[in-house]
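Down below is the structure, laid out as structure tokens.
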Amino acid sequence: MAVSSGLTGAAAQQYPSQNITVVCAFPPGSGADVLVRYFAEELRKKSGRTTIVENRVGAAGNIAAEYTVRAKPDGYTMFIHAGSSTAANYHLFKKPPINPAKELQVAATLNQQPFMVVVSVNSPHKTFKELTAAMLQKGDKASYAQSNTTGKVMGELYKTATGIKALEIPYRTTADSLNDFASGAVDYGMMDPQSSMANTSAGRWRMLAVSTEKRMQAVPDLPTMTEEGVPGVELFGWFAVMLPAATPKPIIDQINAWFKDIVATPETKKFLNTNGGDPWITTPEQGQAQLVKDQQAWEGYVKAAKIEPQ
């Protein structure tokens, strides 16, 4: 919840009067970086101010999140990132640098997106059921790739639900995994939608299933893991615009109004669908409630997946 800051009412009324910094937790050129830069450009048009994207990569997004929390709460530093991953990190680290539910304020939500089960285009497995059967037979010689928090938990929940013994191979970025997919060094991956869609379009990967409870508008022909016989894996990611918690309410509301308009356009819907997500518009209060809910839920996910905090 936003609380009072030292900013005067006049400062809030004059907002925006200077350049806006958009913090990105992913490296330049990555799928998520493309998403952040899309919204930064649309924000430039809406706000009438120059927007500068700063890539602060590392610690599964914690570096970027902490940078945002420590910034002046004046609306000129905003973090566009997966709210779901930000919430999860509180339970994935022994000493998390911030408490997202208390130190960040969601100004606007942007999308909902599944994670995808993917294989190399050269893989013999054409369906998720085929993959599951094959991985059970392969035993501890099976392996899978992941490059972020949600993929890690999704992979562990899949193994728990099926009895698969696959070795997890973590990658710093999705790009780092491409050679291992191509060579067959990894059998499958639990990957974010931007990378999954891009690499499928490029002819490198094949998508087999999504992690959400229901099918997504973006990929309506792709079955859910539940449909394919693996219940209990119901994860969705969501991107949001997050600010330091002390940001004044009038500024939060202005930012929400900008992004509400941006997300509602046909161009943004097409962009999000192309990148594997569906538009998701909420109020700041609804977005913050989702952040709090996810932070609570991920405590259970981490325990269920038997993940040892780093």
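Each chain in the structure tokens gets a letter, A, B, ..., in the order shown, and its residues are numbered from 1; ligands are numbered from 1 in order too.
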Region 96-203 of chain A residues near region 291-310 of chain A within 6 Å, closest pair each, using only C-alpha atoms, as JSON lines:
```
{"residue": "A:Ala101", "atom": "CA", "partner": "A:Val292", "partner_atom": "CA", "distance": 5.3}
{"residue": "A:Glu156", "atom": "CA", "partner": "A:Ala305", "partner_atom": "CA", "distance": 5.1}
{"residue": "A:Leu157", "atom": "CA", "partner": "A:Ala305", "partner_atom": "CA", "distance": 5.5}
```
How about saving the chosen residues, N, CA, C and O atoms kept, as an mmCIF file, in the first residue's frame?
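Contents of selection.cif, freshly written:
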```cif
data_model
loop_
_atom_site.group_PDB
_atom_site.id
_atom_site.type_symbol
_atom_site.label_atom_id
_atom_site.label_comp_id
_atom_site.auth_asym_id
_atom_site.auth_seq_id
_atom_site.Cartn_x
_atom_site.Cartn_y
_atom_site.Cartn_z
ATOM 1 N N ALA A 101 6.059 -7.154 -1.009
ATOM 2 C CA ALA A 101 4.693 -6.785 -0.646
ATOM 3 C C ALA A 101 4.631 -5.508 0.186
ATOM 4 O O ALA A 101 3.616 -4.805 0.192
ATOM 5 N N GLU A 156 10.122 -28.366 -10.955
ATOM 6 C CA GLU A 156 10.083 -29.215 -9.768
ATOM 7 C C GLU A 156 8.680 -29.765 -9.511
ATOM 8 O O GLU A 156 8.511 -30.917 -9.109
ATOM 9 N N LEU A 157 7.663 -28.940 -9.742
ATOM 10 C CA LEU A 157 6.284 -29.404 -9.559
ATOM 11 C C LEU A 157 5.939 -30.509 -10.569
ATOM 12 O O LEU A 157 5.235 -31.466 -10.243
#
```
May I have the residues within 10 Å of region 131-145 of chain A as a PyMOL selection string, using only C-alpha atoms and disregarding those fewer than 4 positions away in the same chain? chain A and resi 117-119+123-127+151-152+155+158-159+162-171+174+177-178+180-181+184-191+208+228-230
How about saving the chosen residues, N, CA and C atoms kept, as a tab-separated table (two decimals), in the first residue's frame?
```tsv
chain	number	residue	atom	x	y	z
A	117	VAL	N	6.18	-25.61	-21.71
A	117	VAL	CA	7.05	-26.77	-21.80
A	117	VAL	C	7.51	-26.84	-23.24
A	118	VAL	N	8.82	-26.80	-23.46
A	118	VAL	CA	9.34	-26.78	-24.82
A	118	VAL	C	10.37	-27.89	-25.02
A	119	VAL	N	10.52	-28.29	-26.27
A	119	VAL	CA	11.57	-29.23	-26.66
A	119	VAL	C	12.22	-28.70	-27.93
A	123	SER	N	13.45	-32.83	-31.50
A	123	SER	CA	13.06	-33.84	-30.52
A	123	SER	C	12.03	-34.81	-31.11
A	124	PRO	N	12.09	-36.07	-30.74
A	124	PRO	CA	11.10	-37.03	-31.23
A	124	PRO	C	9.74	-36.88	-30.54
A	125	HIS	N	9.70	-36.10	-29.47
A	125	HIS	CA	8.47	-35.97	-28.69
A	125	HIS	C	7.59	-34.87	-29.26
A	126	LYS	N	6.43	-35.28	-29.78
A	126	LYS	CA	5.52	-34.34	-30.44
A	126	LYS	C	4.43	-33.81	-29.52
A	127	THR	N	4.16	-34.51	-28.42
A	127	THR	CA	3.14	-34.08	-27.47
A	127	THR	C	3.69	-34.13	-26.05
A	151	GLY	N	10.23	-20.91	-13.98
A	151	GLY	CA	10.62	-22.14	-14.67
A	151	GLY	C	11.18	-23.17	-13.71
A	152	LYS	N	11.92	-22.71	-12.72
A	152	LYS	CA	12.49	-23.62	-11.73
A	152	LYS	C	11.39	-24.32	-10.93
A	155	GLY	N	9.34	-26.71	-13.09
A	155	GLY	CA	10.06	-27.95	-13.34
A	155	GLY	C	9.99	-28.91	-12.17
A	158	TYR	N	6.44	-30.36	-11.78
A	158	TYR	CA	6.23	-31.38	-12.81
A	158	TYR	C	6.86	-32.70	-12.38
A	159	LYS	N	8.06	-32.63	-11.87
A	159	LYS	CA	8.74	-33.85	-11.41
A	159	LYS	C	8.00	-34.48	-10.23
A	162	THR	N	4.78	-36.25	-11.41
A	162	THR	CA	4.90	-37.39	-12.32
A	162	THR	C	5.88	-38.47	-11.85
A	163	GLY	N	6.79	-38.10	-10.97
A	163	GLY	CA	7.83	-39.05	-10.58
A	163	GLY	C	9.04	-39.02	-11.49
A	164	ILE	N	9.08	-38.06	-12.41
A	164	ILE	CA	10.24	-37.91	-13.29
A	164	ILE	C	11.46	-37.53	-12.47
A	165	LYS	N	12.63	-38.03	-12.86
A	165	LYS	CA	13.87	-37.80	-12.11
A	165	LYS	C	14.84	-36.87	-12.84
A	166	ALA	N	14.35	-36.07	-13.75
A	166	ALA	CA	15.22	-35.25	-14.60
A	166	ALA	C	16.11	-34.30	-13.80
A	167	LEU	N	17.33	-34.13	-14.27
A	167	LEU	CA	18.28	-33.21	-13.68
A	167	LEU	C	17.98	-31.80	-14.16
A	168	GLU	N	17.86	-30.87	-13.22
A	168	GLU	CA	17.66	-29.47	-13.57
A	168	GLU	C	18.98	-28.84	-13.99
A	169	ILE	N	18.97	-28.14	-15.14
A	169	ILE	CA	20.15	-27.41	-15.59
A	169	ILE	C	19.77	-25.94	-15.68
A	170	PRO	N	20.23	-25.12	-14.72
A	170	PRO	CA	19.88	-23.70	-14.74
A	170	PRO	C	20.77	-22.91	-15.69
A	171	TYR	N	20.19	-21.94	-16.37
A	171	TYR	CA	20.94	-21.05	-17.27
A	171	TYR	C	20.71	-19.61	-16.85
A	174	THR	N	18.01	-17.39	-21.32
A	174	THR	CA	17.52	-18.38	-22.26
A	174	THR	C	18.51	-18.61	-23.39
A	177	SER	N	21.01	-21.34	-23.24
A	177	SER	CA	20.57	-22.73	-23.34
A	177	SER	C	20.43	-23.23	-24.78
A	178	LEU	N	20.51	-22.33	-25.74
A	178	LEU	CA	20.18	-22.70	-27.13
A	178	LEU	C	21.07	-23.81	-27.69
A	180	ASP	N	22.59	-26.18	-26.08
A	180	ASP	CA	22.29	-27.46	-25.45
A	180	ASP	C	20.98	-28.05	-25.96
A	181	PHE	N	20.02	-27.18	-26.28
A	181	PHE	CA	18.79	-27.67	-26.91
A	181	PHE	C	19.12	-28.25	-28.28
A	184	GLY	N	20.89	-31.57	-28.17
A	184	GLY	CA	20.20	-32.66	-27.47
A	184	GLY	C	20.73	-32.91	-26.07
A	185	ALA	N	21.56	-31.98	-25.56
A	185	ALA	CA	22.12	-32.13	-24.22
A	185	ALA	C	21.06	-31.98	-23.14
A	186	VAL	N	19.96	-31.25	-23.45
A	186	VAL	CA	18.81	-31.19	-22.55
A	186	VAL	C	17.59	-31.73	-23.28
A	187	ASP	N	16.73	-32.42	-22.53
A	187	ASP	CA	15.56	-33.06	-23.15
A	187	ASP	C	14.39	-32.11	-23.33
A	188	TYR	N	14.21	-31.20	-22.39
A	188	TYR	CA	13.08	-30.28	-22.47
A	188	TYR	C	13.38	-29.06	-21.63
A	189	GLY	N	12.51	-28.05	-21.72
A	189	GLY	CA	12.72	-26.84	-20.95
A	189	GLY	C	11.41	-26.31	-20.41
A	190	MET	N	11.50	-25.59	-19.29
A	190	MET	CA	10.37	-24.86	-18.71
A	190	MET	C	10.69	-23.39	-18.90
A	191	MET	N	10.12	-22.79	-19.94
A	191	MET	CA	10.61	-21.49	-20.40
A	191	MET	C	9.53	-20.40	-20.44
A	208	LEU	N	4.89	-27.58	-26.22
A	208	LEU	CA	4.04	-28.75	-25.99
A	208	LEU	C	2.87	-28.48	-25.05
A	228	GLU	N	-3.19	-32.54	-20.26
A	228	GLU	CA	-2.32	-33.60	-20.74
A	228	GLU	C	-1.96	-34.60	-19.65
A	229	GLY	N	-2.71	-34.58	-18.55
A	229	GLY	CA	-2.56	-35.61	-17.54
A	229	GLY	C	-1.66	-35.30	-16.37
A	230	VAL	N	-1.25	-34.03	-16.22
A	230	VAL	CA	-0.41	-33.64	-15.08
A	230	VAL	C	-1.10	-32.52	-14.32
```
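For the pair CA of Pro244 (chain A) and CA of Glu103 (chain A), the interatomic distance is 6.2 Å.
Distance check against Pro27 (chain A) using only C-alpha atoms: of A:Asn122, A:Ala175, A:Glu66, A:Lys95, the minimum falls on A:Ala175.
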For region 254-264 of chain A, please output as a PyMOL selection string all residues within 12 Å (counting only C-alpha atoms; exclusion window: fewer than 5 positions along the same chain). chain A and resi 12-16+20+38-48+74-78+80+105-112+239-243+247-249+269-273+277-287
May I have the residues from that selection written out with C-alpha atoms, as a PDB file, in the first residue's frame?
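Below you can see result_2.pdb, which holds the result:
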```
ATOM      1  CA  ALA A  12       2.832  15.497  -7.555  1.00  0.00           C
ATOM      2  CA  GLN A  13       0.712  18.000  -9.494  1.00  0.00           C
ATOM      3  CA  GLN A  14       3.657  18.886 -11.749  1.00  0.00           C
ATOM      4  CA  TYR A  15       4.368  15.237 -12.558  1.00  0.00           C
ATOM      5  CA  PRO A  16       5.917  14.436 -14.969  1.00  0.00           C
ATOM      6  CA  ILE A  20      11.539   8.696 -16.577  1.00  0.00           C
ATOM      7  CA  TYR A  38       7.903  -1.748 -25.917  1.00  0.00           C
ATOM      8  CA  PHE A  39       6.141  -0.355 -22.861  1.00  0.00           C
ATOM      9  CA  ALA A  40       8.873   2.212 -22.244  1.00  0.00           C
ATOM     10  CA  GLU A  41       8.366   3.561 -25.767  1.00  0.00           C
ATOM     11  CA  GLU A  42       4.579   3.659 -25.347  1.00  0.00           C
ATOM     12  CA  LEU A  43       5.078   5.421 -22.015  1.00  0.00           C
ATOM     13  CA  ARG A  44       7.213   8.033 -23.764  1.00  0.00           C
ATOM     14  CA  LYS A  45       4.327   8.795 -26.102  1.00  0.00           C
ATOM     15  CA  LYS A  46       1.785   8.970 -23.274  1.00  0.00           C
ATOM     16  CA  SER A  47       3.826  10.953 -20.769  1.00  0.00           C
ATOM     17  CA  GLY A  48       5.522  13.290 -23.230  1.00  0.00           C
ATOM     18  CA  ASP A  74       8.656  10.362  -7.093  1.00  0.00           C
ATOM     19  CA  GLY A  75       7.417   8.331 -10.072  1.00  0.00           C
ATOM     20  CA  TYR A  76      10.590   8.844 -12.109  1.00  0.00           C
ATOM     21  CA  THR A  77      11.964   5.359 -11.444  1.00  0.00           C
ATOM     22  CA  MET A  78       9.684   2.453 -12.289  1.00  0.00           C
ATOM     23  CA  ILE A  80       8.676  -3.245 -15.270  1.00  0.00           C
ATOM     24  CA  GLN A 105       3.687  -0.687  -4.969  1.00  0.00           C
ATOM     25  CA  VAL A 106       2.074  -2.019  -8.140  1.00  0.00           C
ATOM     26  CA  ALA A 107       0.970   0.937 -10.240  1.00  0.00           C
ATOM     27  CA  ALA A 108      -0.378  -1.086 -13.176  1.00  0.00           C
ATOM     28  CA  THR A 109      -0.567  -4.648 -14.425  1.00  0.00           C
ATOM     29  CA  LEU A 110       0.245  -5.365 -18.062  1.00  0.00           C
ATOM     30  CA  ASN A 111      -0.340  -9.005 -18.905  1.00  0.00           C
ATOM     31  CA  GLN A 112      -0.915 -12.549 -17.788  1.00  0.00           C
ATOM     32  CA  PHE A 239       4.164  -8.305 -15.700  1.00  0.00           C
ATOM     33  CA  ALA A 240       3.557  -5.080 -13.824  1.00  0.00           C
ATOM     34  CA  VAL A 241       4.799  -1.555 -13.355  1.00  0.00           C
ATOM     35  CA  MET A 242       6.140  -1.317  -9.803  1.00  0.00           C
ATOM     36  CA  LEU A 243       7.250   1.723  -7.812  1.00  0.00           C
ATOM     37  CA  THR A 247       5.150   7.001  -4.068  1.00  0.00           C
ATOM     38  CA  PRO A 248       2.234   9.472  -3.707  1.00  0.00           C
ATOM     39  CA  LYS A 249      -1.187   8.180  -4.700  1.00  0.00           C
ATOM     40  CA  LYS A 269      -2.951  -6.803 -27.507  1.00  0.00           C
ATOM     41  CA  LYS A 270      -1.325  -8.022 -30.722  1.00  0.00           C
ATOM     42  CA  PHE A 271       2.160  -7.434 -29.269  1.00  0.00           C
ATOM     43  CA  LEU A 272       1.349  -9.313 -26.051  1.00  0.00           C
ATOM     44  CA  ASN A 273      -0.329 -12.209 -27.878  1.00  0.00           C
ATOM     45  CA  GLY A 277       0.633 -13.231 -23.078  1.00  0.00           C
ATOM     46  CA  ASP A 278      -2.877 -11.876 -22.715  1.00  0.00           C
ATOM     47  CA  PRO A 279      -3.595  -8.231 -21.741  1.00  0.00           C
ATOM     48  CA  TRP A 280      -4.452  -7.760 -18.068  1.00  0.00           C
ATOM     49  CA  ILE A 281      -5.741  -4.420 -16.768  1.00  0.00           C
ATOM     50  CA  THR A 282      -6.296  -3.817 -13.053  1.00  0.00           C
ATOM     51  CA  THR A 283      -6.382  -0.982 -10.538  1.00  0.00           C
ATOM     52  CA  PRO A 284      -3.283  -0.335  -8.380  1.00  0.00           C
ATOM     53  CA  GLU A 285      -5.143  -1.874  -5.442  1.00  0.00           C
ATOM     54  CA  GLN A 286      -5.954  -5.054  -7.372  1.00  0.00           C
ATOM     55  CA  GLY A 287      -2.397  -5.327  -8.641  1.00  0.00           C
TER      56      GLY A 287
END
```
As a PyMOL selection string, please: every residue in region 87-222 of chain A that DSSP puts in helix (DSSP H, G or I). chain A and resi 87-92+100-103+128-141+149-162+174-183+193-201
Have a look at A:Met116, A:Val121, A:Leu104, A:Ala32 and name the one nearest to Phe236 (chain A); count only C-alpha atoms.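 Counting only C-alpha atoms, the residue closest to Phe236 (chain A) is A:Met116.
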Given only C-alpha atoms as the basis, pick out the residue of A:Asn179, A:Asn275, A:Thr268, A:Thr150 nearest to Ser196 (chain A).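 Between A:Asn179, A:Asn275, A:Thr268, A:Thr150, the residue approaching Ser196 (chain A) most closely is A:Asn275.
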From a DSSP calculation on the backbone, collect every residue of region 105-254 of chain A in strand (DSSP E) and output the set as a ChimeraX atom specification. /A:105-113,116-120,143-146,167-170,188-191,205-210,237-244
Could you please take those selected residues and save C-alpha atoms as a PDB file, in the first residue's frame?
```pdb
ATOM      1  CA  GLN A 105       3.687  -0.687  -4.969  1.00  0.00           C
ATOM      2  CA  VAL A 106       2.074  -2.019  -8.140  1.00  0.00           C
ATOM      3  CA  ALA A 107       0.970   0.937 -10.240  1.00  0.00           C
ATOM      4  CA  ALA A 108      -0.378  -1.086 -13.176  1.00  0.00           C
ATOM      5  CA  THR A 109      -0.567  -4.648 -14.425  1.00  0.00           C
ATOM      6  CA  LEU A 110       0.245  -5.365 -18.062  1.00  0.00           C
ATOM      7  CA  ASN A 111      -0.340  -9.005 -18.905  1.00  0.00           C
ATOM      8  CA  GLN A 112      -0.915 -12.549 -17.788  1.00  0.00           C
ATOM      9  CA  GLN A 113       1.277 -15.196 -19.335  1.00  0.00           C
ATOM     10  CA  MET A 116       5.693 -23.266 -21.691  1.00  0.00           C
ATOM     11  CA  VAL A 117       7.053 -26.773 -21.795  1.00  0.00           C
ATOM     12  CA  VAL A 118       9.344 -26.782 -24.821  1.00  0.00           C
ATOM     13  CA  VAL A 119      11.569 -29.233 -26.662  1.00  0.00           C
ATOM     14  CA  SER A 120      13.994 -28.872 -29.529  1.00  0.00           C
ATOM     15  CA  SER A 143      17.503 -33.303 -18.006  1.00  0.00           C
ATOM     16  CA  TYR A 144      15.659 -30.032 -18.401  1.00  0.00           C
ATOM     17  CA  ALA A 145      16.504 -26.353 -18.793  1.00  0.00           C
ATOM     18  CA  GLN A 146      15.237 -23.336 -16.904  1.00  0.00           C
ATOM     19  CA  LEU A 167      18.281 -33.209 -13.676  1.00  0.00           C
ATOM     20  CA  GLU A 168      17.658 -29.469 -13.569  1.00  0.00           C
ATOM     21  CA  ILE A 169      20.149 -27.410 -15.591  1.00  0.00           C
ATOM     22  CA  PRO A 170      19.882 -23.697 -14.738  1.00  0.00           C
ATOM     23  CA  TYR A 188      13.077 -30.282 -22.468  1.00  0.00           C
ATOM     24  CA  GLY A 189      12.717 -26.836 -20.945  1.00  0.00           C
ATOM     25  CA  MET A 190      10.368 -24.862 -18.714  1.00  0.00           C
ATOM     26  CA  MET A 191      10.612 -21.486 -20.397  1.00  0.00           C
ATOM     27  CA  TRP A 205      11.846 -25.195 -30.463  1.00  0.00           C
ATOM     28  CA  ARG A 206       8.470 -26.868 -30.295  1.00  0.00           C
ATOM     29  CA  MET A 207       5.947 -25.869 -27.602  1.00  0.00           C
ATOM     30  CA  LEU A 208       4.037 -28.749 -25.986  1.00  0.00           C
ATOM     31  CA  ALA A 209       1.948 -27.338 -23.120  1.00  0.00           C
ATOM     32  CA  VAL A 210       1.249 -24.288 -20.954  1.00  0.00           C
ATOM     33  CA  GLY A 237       3.311 -15.038 -14.666  1.00  0.00           C
ATOM     34  CA  TRP A 238       2.247 -11.424 -14.873  1.00  0.00           C
ATOM     35  CA  PHE A 239       4.164  -8.305 -15.700  1.00  0.00           C
ATOM     36  CA  ALA A 240       3.557  -5.080 -13.824  1.00  0.00           C
ATOM     37  CA  VAL A 241       4.799  -1.555 -13.355  1.00  0.00           C
ATOM     38  CA  MET A 242       6.140  -1.317  -9.803  1.00  0.00           C
ATOM     39  CA  LEU A 243       7.250   1.723  -7.812  1.00  0.00           C
ATOM     40  CA  PRO A 244       8.762   2.441  -4.399  1.00  0.00           C
TER      41      PRO A 244
END
```
One number please: CA of Ser183 (chain A) to CA of Arg204 (chain A), in Å, one decimal. 11.2 Å
Compare A:Cys24, A:Val153, A:Ala198, A:Val69 by their minimum atom-to-atom distance to Ala88 (chain A), counting only C-alpha atoms, and give me the closest one.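 Looking only at the distances to Ala88 (chain A), the closest residue turns out to be A:Val153.
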So, counting only C-alpha atoms, which residue among A:Pro220, A:Pro266, A:Gly61, A:Pro97 is closest to Thr149 (chain A)? A:Gly61
